[in-house]
$ cat model_33.cif   # mmCIF, C-alpha atoms
data_model
#
loop_
_atom_site.label_atom_id
_atom_site.label_comp_id
_atom_site.auth_asym_id
_atom_site.auth_seq_id
_atom_site.Cartn_x
_atom_site.Cartn_y
_atom_site.Cartn_z
CA MET A 1 41.04 17.21 -5.89
CA PRO A 2 44.25 19.19 -6.29
CA THR A 3 45.34 21.11 -3.24
CA GLY A 4 47.40 24.24 -2.77
CA LEU A 5 48.36 26.24 -5.86
CA LYS A 6 49.52 23.38 -8.06
CA ASP A 7 47.69 21.74 -10.90
CA ALA A 8 48.83 19.05 -13.33
CA GLY A 9 50.41 21.62 -15.64
CA ALA A 10 52.38 23.27 -12.86
CA LEU A 11 53.55 19.87 -11.64
CA GLU A 12 54.65 18.91 -15.15
CA ALA A 13 56.66 22.12 -15.33
CA GLU A 14 58.26 21.40 -11.97
CA VAL A 15 59.30 17.92 -13.13
CA ARG A 16 60.83 19.38 -16.27
CA MET A 17 62.68 22.00 -14.25
CA THR A 18 63.98 19.24 -11.98
CA ARG A 19 65.24 17.36 -15.04
CA SER A 20 67.23 20.41 -16.09
CA VAL A 21 69.47 19.94 -13.04
CA HIS A 22 69.05 16.17 -12.46
CA SER A 23 69.48 13.55 -15.18
CA GLY A 24 68.27 10.61 -13.10
CA ALA A 25 64.87 9.32 -12.04
CA ILE A 26 62.16 11.65 -10.75
CA LEU A 27 59.64 10.23 -8.29
CA ILE A 28 56.30 12.02 -8.02
CA VAL A 29 54.46 11.45 -4.73
CA GLU A 30 51.12 12.76 -3.51
CA GLY A 31 52.04 14.78 -0.42
CA PRO A 32 54.64 15.78 2.20
CA ASP A 33 54.11 12.66 4.36
CA ASP A 34 54.71 10.49 1.31
CA ALA A 35 57.86 12.46 0.53
CA ARG A 36 59.19 11.91 4.06
CA PHE A 37 58.45 8.20 3.82
CA TRP A 38 59.98 7.63 0.38
CA GLY A 39 62.89 9.91 1.21
CA GLY A 40 64.21 7.19 3.52
CA LEU A 41 63.97 4.48 0.86
CA VAL A 42 65.08 6.06 -2.40
CA ASP A 43 68.59 6.31 -3.77
CA THR A 44 69.11 10.00 -3.09
CA GLY A 45 71.96 10.23 -5.57
CA ALA A 46 69.92 8.74 -8.40
CA CYS A 47 66.37 9.91 -7.67
CA GLU A 48 64.75 13.27 -6.96
CA LEU A 49 61.38 13.57 -5.21
CA VAL A 50 58.65 15.95 -6.37
CA ILE A 51 55.47 16.53 -4.32
CA ALA A 52 52.31 16.58 -6.42
CA GLU A 53 49.93 18.11 -3.85
CA GLY A 54 47.29 15.53 -4.67
CA LYS A 55 46.59 12.38 -6.63
CA VAL A 56 44.78 14.21 -9.44
CA ASN A 57 47.87 16.33 -10.05
CA ALA A 58 50.14 13.28 -10.04
CA THR A 59 48.05 11.33 -12.54
CA GLY A 60 47.50 14.36 -14.75
CA ALA A 61 51.17 15.31 -14.82
CA ILE A 62 52.38 11.80 -15.63
CA THR A 63 49.89 11.63 -18.51
CA ARG A 64 51.23 14.91 -19.88
CA LEU A 65 54.83 13.73 -19.52
CA ASP A 66 54.03 10.42 -21.21
CA ASN A 67 52.40 12.17 -24.14
CA SER A 68 55.56 14.19 -24.73
CA GLY A 69 57.89 11.17 -24.48
CA PHE A 70 59.49 12.28 -21.22
CA ALA A 71 61.57 9.44 -19.76
CA GLY A 72 62.49 8.57 -16.19
CA ALA A 73 59.52 9.94 -14.23
CA LEU A 74 57.45 7.64 -12.02
CA ALA A 75 54.33 8.60 -10.08
CA LEU A 76 53.32 6.68 -6.93
CA VAL A 77 49.74 7.19 -5.77
CA ASP A 78 47.24 5.60 -3.40
CA ASP A 79 44.90 3.07 -4.97
CA ASP A 80 42.00 4.45 -2.92
CA ARG A 81 39.09 2.49 -4.42
CA ASP A 82 40.35 2.37 -8.00
CA SER A 83 40.84 -1.41 -7.99
CA LEU A 84 37.45 -2.05 -6.39
CA LEU A 85 35.74 0.17 -8.95
CA GLY A 86 37.54 -1.39 -11.91
CA ARG A 87 39.60 1.65 -12.80
CA GLY A 88 42.65 0.47 -14.68
CA PRO A 89 46.13 2.02 -14.46
CA LEU A 90 46.56 5.08 -16.65
CA SER A 91 50.24 4.72 -17.45
CA ASP A 92 53.20 2.35 -17.26
CA ASN A 93 54.85 5.18 -15.33
CA LEU A 94 52.19 5.28 -12.63
CA ILE A 95 52.11 2.75 -9.80
CA ARG A 96 49.29 2.48 -7.30
CA THR A 97 49.69 1.10 -3.80
CA ASP A 98 48.96 -2.62 -3.44
CA ALA A 99 46.32 -1.76 -0.80
CA HIS A 100 43.88 1.09 -0.33
CA ASP A 101 46.64 3.56 0.57
CA LEU A 102 50.15 3.82 1.97
CA GLU A 103 49.04 3.46 5.59
CA CYS A 104 47.40 0.14 4.68
CA VAL A 105 50.68 -0.98 3.10
CA LEU A 106 52.46 -0.15 6.36
CA LEU A 107 49.88 -1.83 8.59
CA ARG A 108 50.02 -5.02 6.51
CA SER A 109 53.81 -5.15 6.90
CA PRO A 110 56.08 -6.06 9.83
CA ALA A 111 56.04 -2.35 10.72
CA LEU A 112 52.82 -2.94 12.67
CA GLY A 113 54.50 -5.47 14.93
CA ARG A 114 57.37 -3.08 15.57
CA VAL A 115 54.97 -0.28 16.53
CA LEU A 116 52.96 -2.60 18.78
CA ALA A 117 56.21 -3.57 20.50
CA GLU A 118 56.85 0.11 21.15
CA LEU A 119 53.37 1.33 22.09
CA GLY A 120 51.53 -1.80 23.18
CA ASP A 121 51.40 -3.58 26.53
CA ASP A 122 52.61 -7.19 26.27
CA ALA A 123 50.12 -8.54 28.79
CA LYS A 124 47.19 -6.72 27.19
CA LEU A 125 48.20 -7.79 23.69
CA THR A 126 48.43 -11.41 24.79
CA ARG A 127 45.10 -11.24 26.60
CA PHE A 128 43.40 -9.68 23.59
CA VAL A 129 44.60 -12.40 21.23
CA GLN A 130 43.57 -15.14 23.66
CA THR A 131 40.15 -13.61 24.28
CA SER A 132 39.28 -12.63 20.72
CA GLY A 133 40.92 -15.60 19.02
CA LYS A 134 42.40 -13.23 16.44
CA PRO A 135 45.77 -11.57 15.91
CA VAL A 136 45.68 -7.81 16.39
CA ARG A 137 46.21 -7.16 12.67
CA ALA A 138 43.26 -9.33 11.65
CA ALA A 139 40.98 -7.79 14.28
CA LEU A 140 42.00 -4.28 13.23
CA LEU A 141 41.31 -5.06 9.58
CA ASP A 142 37.87 -6.49 10.38
CA LYS A 143 36.91 -3.30 12.20
CA GLY A 144 38.19 -1.10 9.40
CA CYS A 145 36.33 -3.09 6.76
CA LEU A 146 33.01 -2.51 8.50
CA PHE A 147 33.41 1.19 7.73
CA GLY A 148 35.23 0.64 4.45
CA ARG A 149 32.35 -1.31 2.96
CA VAL A 150 29.96 1.51 3.84
CA TRP A 151 32.21 4.14 2.21
CA TRP A 152 32.56 1.86 -0.85
CA ALA A 153 28.78 1.38 -1.12
CA ALA A 154 28.16 5.09 -0.64
CA GLU A 155 30.43 5.91 -3.58
CA LEU A 156 28.75 3.31 -5.78
CA ILE A 157 25.21 4.55 -5.19
CA GLY A 158 26.05 8.23 -4.80
CA HIS A 159 25.00 8.43 -1.16
CA PRO A 160 26.59 11.45 0.59
CA ILE A 161 28.29 10.74 3.92
CA GLU A 162 28.90 13.73 6.14
CA HIS A 163 32.51 14.30 7.12
CA GLY A 164 31.72 14.00 10.82
CA ILE A 165 30.31 10.51 10.37
CA ARG A 166 33.59 9.44 8.80
CA GLN A 167 35.39 10.11 12.09
CA VAL A 168 35.39 6.42 12.91
CA GLN A 169 36.98 6.80 16.33
CA ARG A 170 33.60 8.08 17.55
CA TYR A 171 32.15 4.60 17.17
CA VAL A 172 34.94 2.53 18.76
CA ARG A 173 34.52 1.69 22.45
CA GLN A 174 37.72 2.08 24.48
CA GLN A 175 36.84 -0.51 27.10
CA ASP A 176 36.68 -3.52 24.76
CA TRP A 177 37.88 -2.16 21.40
CA GLU A 178 34.61 -3.03 19.69
CA ILE A 179 32.57 -1.07 17.17
CA ASP A 180 29.28 0.38 18.38
CA GLU A 181 27.40 -0.37 15.15
CA GLN A 182 24.09 0.88 16.54
CA GLN A 183 25.59 4.29 17.27
CA PHE A 184 27.24 4.36 13.84
CA TRP A 185 24.06 3.62 11.92
CA ALA A 186 22.12 6.05 14.07
CA ALA A 187 24.59 8.74 12.97
CA VAL A 188 24.23 7.73 9.32
CA VAL A 189 20.43 7.86 9.54
CA SER A 190 20.47 11.24 11.28
CA GLY A 191 22.31 12.68 8.29
CA ALA A 192 19.91 11.36 5.66
CA GLN A 193 16.35 10.32 5.05
CA GLU A 194 15.65 6.82 6.39
CA PRO A 195 14.97 5.22 2.97
CA ALA A 196 18.35 6.44 1.74
CA ALA A 197 20.12 5.09 4.82
CA ALA A 198 18.34 1.75 4.44
CA GLY A 199 19.44 1.66 0.82
CA LEU A 200 23.01 2.24 1.92
CA ARG A 201 22.82 -0.65 4.40
CA ASP A 202 21.45 -2.92 1.67
CA ALA A 203 24.10 -1.77 -0.80
CA ALA A 204 26.90 -2.41 1.70
CA ALA A 205 25.53 -5.89 2.46
CA ALA A 206 25.32 -6.69 -1.27
CA LEU A 207 28.91 -5.78 -2.09
CA PRO A 208 31.04 -8.63 -3.48
CA ASP A 209 33.89 -10.18 -1.56
CA ALA A 210 37.10 -8.24 -2.05
CA ASP A 211 40.61 -8.04 -0.68
CA PRO A 212 40.02 -6.37 2.71
CA TRP A 213 43.23 -4.35 2.37
CA PHE A 214 41.59 -2.53 -0.54
CA VAL A 215 38.31 -2.08 1.34
CA ALA A 216 39.58 -0.56 4.59
CA ARG A 217 41.04 2.94 4.60
CA GLY A 218 44.40 3.44 6.26
CA HIS A 219 43.21 6.62 7.95
CA ASP A 220 40.38 4.67 9.59
CA LEU A 221 42.67 1.82 10.63
CA VAL A 222 45.15 4.16 12.33
CA ALA A 223 42.32 5.90 14.19
CA ILE A 224 40.91 2.54 15.32
CA LEU A 225 44.35 1.27 16.33
CA ARG A 226 44.90 4.37 18.45
CA ILE A 227 41.71 3.69 20.41
CA GLY A 228 42.86 0.12 21.05
CA LEU A 229 46.28 1.27 22.23
CA LYS A 230 44.70 3.55 24.83
CA ARG A 231 43.23 0.70 26.89
CA ALA A 232 42.62 -2.73 25.30
CA LEU A 233 46.09 -3.08 23.74
CA GLY A 234 48.23 -0.55 25.58
CA ASN A 235 48.39 2.50 27.79
CA ILE A 236 49.18 5.40 25.48
CA ARG A 237 48.29 8.94 26.49
CA ASN A 238 45.72 11.08 24.71
CA SER A 239 48.61 13.17 23.41
CA VAL A 240 49.68 10.30 21.15
CA GLY A 241 47.52 11.10 18.16
CA PRO A 242 46.93 9.35 14.84
CA ALA A 243 49.62 11.46 13.16
CA ARG A 244 52.21 10.17 15.64
CA ILE A 245 51.17 6.54 15.06
CA SER A 246 51.37 7.04 11.29
CA GLN A 247 54.81 8.57 11.73
CA LEU A 248 56.01 5.59 13.77
CA LEU A 249 54.68 3.20 11.14
CA ARG A 250 56.61 5.03 8.42
CA VAL A 251 59.81 4.96 10.46
CA ALA A 252 59.35 1.26 11.33
CA PHE A 253 58.95 0.24 7.67
CA GLN A 254 62.22 -0.98 6.18
CA LEU A 255 63.52 -1.46 2.66
CA GLU A 256 63.30 -5.24 2.97
CA ASP A 257 59.61 -4.84 3.87
CA LEU A 258 59.09 -2.93 0.63
CA ASP A 259 60.97 -5.47 -1.45
CA ALA A 260 58.80 -8.23 0.03
CA CYS A 261 55.51 -6.65 -1.06
CA GLU A 262 53.92 -6.18 -4.46
CA LEU A 263 54.48 -2.42 -4.41
CA GLY A 264 58.22 -2.85 -4.09
CA LYS A 265 58.27 -5.46 -6.84
CA ARG A 266 56.42 -3.11 -9.19
CA ILE A 267 58.96 -0.36 -8.55
CA ARG A 268 61.85 -2.79 -9.18
CA GLU A 269 60.15 -3.87 -12.41
CA TRP A 270 59.87 -0.24 -13.48
CA GLU A 271 63.58 0.22 -12.79
CA TRP A 272 64.35 -2.85 -14.91
CA ARG A 273 62.16 -1.60 -17.80
CA THR A 274 63.67 1.87 -17.74
CA GLN A 275 67.33 0.92 -17.68
CA GLY A 276 69.43 3.75 -16.32
CA PHE A 277 66.79 5.15 -13.95
CA ALA A 278 67.00 3.99 -10.34
CA ILE A 279 64.47 4.75 -7.62
CA LEU A 280 65.21 2.60 -4.59
CA ALA A 281 68.38 2.50 -2.58
CA ALA A 282 70.34 -0.70 -2.13
CA ASP A 283 70.67 0.28 1.53
CA PRO A 284 68.68 3.36 2.62
CA PHE A 285 70.92 3.87 5.65
CA GLY A 286 74.23 2.92 4.07
#

$ encode --input "model_33.cif" --output "structure tokens"
Amino acid sequence: MPTGLKDAGALEAEVRMTRSVHSGAILIVEGPDDARFWGGLVDTGACELVIAEGKVNATGAITRLDNSGFAGALALVDDDRDSLLGRGPLSDNLIRTDAHDLECVLLRSPALGRVLAELGDDAKLTRFVQTSGKPVRAALLDKGCLFGRVWWAAELIGHPIEHGIRQVQRYVRQQDWEIDEQQFWAAVVSGAQEPAAAGLRDAAAALPDADPWFVARGHDLVAILRIGLKRALGNIRNSVGPARISQLLRVAFQLEDLDACELGKRIREWEWRTQGFAILAADPFG
């Protein structure tokens, strides 16, 4: 849902006002964190950023702009579960992340390794890989998908999940970085009648195979990673919260990481199609 005081119409007006003083590309992003991230990657002389205050605003505004023939505006939004639910793109001027959300894009990239080098403990990281037989990224994704499949199934069958249950860090044990599934399902059942909870379990088990990066939510993955970094993977203090880890991931992500992934390629394709409008910098620090 839209947040703050903006709606799609107000955002459209803001884009048009920006065009009155800027003839180049206009990049619409969902929120302030997205703006900080993309601000380090765009060509600041050629592209202006506009914050949508929500995905609904971004998609609505780009539709309005398209219908009026406005050129040079691109909206970047999280996929969320659009791909899983078969929701097609609404516009050639709207690009969705090539994973559930931006945090998933970052965690799939070399940025994760750079953050682990900063916050992790080498001996613990090595021991975890040897003991589990999995790289940290793969283990993290597996844990996130356990929850992601439940959220996906809940949306499909219309099963309400209380906000508190979605706080996945409650169900991750610090000592071994494993999910306490019994505790999780007990919490789900306590918030609903047993037949409904059983139906949710069955629906989650019946879901088709899908790209796990579209199943897991980035917010969940960061929360799970933080628990691992407190003991099993590192020694971070309680004061290092999920917001700090997300910030470090954004800072660690480089332009070459973007160009190597599908999201970056889609933006470059948009630039090629709309000759004269540039989004990304050749060198964000140059």

$ resolve_selection --input "model_33.cif" --expression "the PyMOL selection byres ((chain A and resi 187) around 12)" --output "number ranges by chain"
A: 161-168, 170-171, 180-186, 188-194, 197

$ closest_residue --input "model_33.cif" --among "A:Ser109, A:Pro160, A:Leu76, A:Glu103" --to "Pro242 of chain A" --atoms "all atoms listed in the file"
A:Glu103

$ residues_near_point --input "model_33.cif" --point "(56.3, 15.2, -0.3)" --cutoff "9 Å" --atoms "all atoms listed in the file" --output "number ranges by chain"
A: 28-39, 49-53

$ resolve_selection --input "model_33.cif" --expression "the PyMOL selection byres ((chain A and resi 126-142) around 10)" --output "NGL selection string"
:A and (104 or 107-109 or 112-113 or 116 or 121-125 or 143-148 or 176-178 or 212-213 or 215-218 or 220-222 or 224-225 or 228 or 232-233)

$ residues_around --input "model_33.cif" --residues "segment 56-67 of chain A" --least-positions-apart "4" --cutoff "8 Å" --atoms "only C-alpha atoms" --output "PyMOL selection string"
chain A and resi 1-2+6-9+11-12+28-30+52+71+73-77+90-91+93-94

$ residues_around --input "model_33.cif" --residues "Val251 of chain A" --least-positions-apart "3" --cutoff "9 Å" --atoms "all atoms listed in the file" --output "list in words"
Phe37, Gly40, Ala111, Ser246, Gln247, Leu248 and Gln254 of chain A

$ closest_residue --input "model_33.cif" --among "A:Leu106, A:Leu156, A:Ala46, A:Ile279" --to "Arg266 of chain A" --atoms "all atoms listed in the file"
A:Ile279

$ resolve_selection --input "model_33.cif" --expression "the PyMOL selection byres ((chain A and resi 281) around 12)" --output "list in words"
Trp38, Gly39, Gly40, Leu41, Val42, Asp43, Thr44, Gly45, Ala46, Cys47, Gln254, Leu255, Glu256, Leu258, Asp259, Gly264, Ile267, Arg268, Glu271, Phe277, Ala278, Ile279, Leu280, Ala282, Asp283, Pro284, Phe285 and Gly286 of chain A

$ write_last_selection --input "model_33.cif" --atoms "C-alpha atoms" --output "PDB file, in the frame of the given file"
ATOM      1  CA  TRP A  38      59.980   7.630   0.380  1.00  0.00           C
ATOM      2  CA  GLY A  39      62.890   9.910   1.210  1.00  0.00           C
ATOM      3  CA  GLY A  40      64.210   7.190   3.520  1.00  0.00           C
ATOM      4  CA  LEU A  41      63.970   4.480   0.860  1.00  0.00           C
ATOM      5  CA  VAL A  42      65.080   6.060  -2.400  1.00  0.00           C
ATOM      6  CA  ASP A  43      68.590   6.310  -3.770  1.00  0.00           C
ATOM      7  CA  THR A  44      69.110  10.000  -3.090  1.00  0.00           C
ATOM      8  CA  GLY A  45      71.960  10.230  -5.570  1.00  0.00           C
ATOM      9  CA  ALA A  46      69.920   8.740  -8.400  1.00  0.00           C
ATOM     10  CA  CYS A  47      66.370   9.910  -7.670  1.00  0.00           C
ATOM     11  CA  GLN A 254      62.220  -0.980   6.180  1.00  0.00           C
ATOM     12  CA  LEU A 255      63.520  -1.460   2.660  1.00  0.00           C
ATOM     13  CA  GLU A 256      63.300  -5.240   2.970  1.00  0.00           C
ATOM     14  CA  LEU A 258      59.090  -2.930   0.630  1.00  0.00           C
ATOM     15  CA  ASP A 259      60.970  -5.470  -1.450  1.00  0.00           C
ATOM     16  CA  GLY A 264      58.220  -2.850  -4.090  1.00  0.00           C
ATOM     17  CA  ILE A 267      58.960  -0.360  -8.550  1.00  0.00           C
ATOM     18  CA  ARG A 268      61.850  -2.790  -9.180  1.00  0.00           C
ATOM     19  CA  GLU A 271      63.580   0.220 -12.790  1.00  0.00           C
ATOM     20  CA  PHE A 277      66.790   5.150 -13.950  1.00  0.00           C
ATOM     21  CA  ALA A 278      67.000   3.990 -10.340  1.00  0.00           C
ATOM     22  CA  ILE A 279      64.470   4.750  -7.620  1.00  0.00           C
ATOM     23  CA  LEU A 280      65.210   2.600  -4.590  1.00  0.00           C
ATOM     24  CA  ALA A 282      70.340  -0.700  -2.130  1.00  0.00           C
ATOM     25  CA  ASP A 283      70.670   0.280   1.530  1.00  0.00           C
ATOM     26  CA  PRO A 284      68.680   3.360   2.620  1.00  0.00           C
ATOM     27  CA  PHE A 285      70.920   3.870   5.650  1.00  0.00           C
ATOM     28  CA  GLY A 286      74.230   2.920   4.070  1.00  0.00           C
TER      29      GLY A 286
END

$ closest_residue --input "model_33.cif" --among "A:Asp80, A:Asp202, A:Glu155, A:Asp209" --to "Ala99 of chain A" --atoms "all atoms listed in the file"
A:Asp80

$ residues_near_point --input "model_33.cif" --point "(44.4, 11.4, 14.3)" --cutoff "7 Å" --atoms "all atoms listed in the file" --output "ChimeraX atom specification"
/A:223,241-243

$ closest_residue --input "model_33.cif" --among "A:Arg244, A:Lys230, A:Arg173, A:Arg201" --to "His159 of chain A" --atoms "all atoms listed in the file"
A:Arg201

$ atom_distance --input "model_33.cif" --atom1 "atom CA of Gly120 of chain A" --atom2 "atom CA of Gln175 of chain A"
15.3 Å

$ atom_distance --input "model_33.cif" --atom1 "atom CA of Trp152 of chain A" --atom2 "atom CA of Ile95 of chain A"
21.5 Å

$ atom_distance --input "model_33.cif" --atom1 "atom CA of Ser239 of chain A" --atom2 "atom CA of Leu119 of chain A"
12.8 Å

$ decode --input "model_33.cif" --residues "segment 21-38 of chain A" --atoms "C-alpha atoms" --output "PDB file, in the first residue's frame"
ATOM      1  CA  VAL A  21      14.363  21.247 -14.448  1.00  0.00           C
ATOM      2  CA  HIS A  22      16.049  18.036 -15.673  1.00  0.00           C
ATOM      3  CA  SER A  23      15.942  16.818 -19.270  1.00  0.00           C
ATOM      4  CA  GLY A  24      17.590  13.462 -18.612  1.00  0.00           C
ATOM      5  CA  ALA A  25      16.413  10.151 -17.191  1.00  0.00           C
ATOM      6  CA  ILE A  26      14.255   9.973 -14.072  1.00  0.00           C
ATOM      7  CA  LEU A  27      14.547   6.870 -11.904  1.00  0.00           C
ATOM      8  CA  ILE A  28      11.597   6.072  -9.630  1.00  0.00           C
ATOM      9  CA  VAL A  29      12.465   3.885  -6.626  1.00  0.00           C
ATOM     10  CA  GLU A  30      10.279   2.552  -3.830  1.00  0.00           C
ATOM     11  CA  GLY A  31      11.808   4.098  -0.710  1.00  0.00           C
ATOM     12  CA  PRO A  32      14.675   6.013   0.948  1.00  0.00           C
ATOM     13  CA  ASP A  33      16.913   2.937   1.345  1.00  0.00           C
ATOM     14  CA  ASP A  34      16.523   2.223  -2.363  1.00  0.00           C
ATOM     15  CA  ALA A  35      17.400   5.832  -3.140  1.00  0.00           C
ATOM     16  CA  ARG A  36      20.584   5.613  -1.063  1.00  0.00           C
ATOM     17  CA  PHE A  37      21.557   2.385  -2.799  1.00  0.00           C
ATOM     18  CA  TRP A  38      20.890   3.546  -6.356  1.00  0.00           C
TER      19      TRP A  38
END
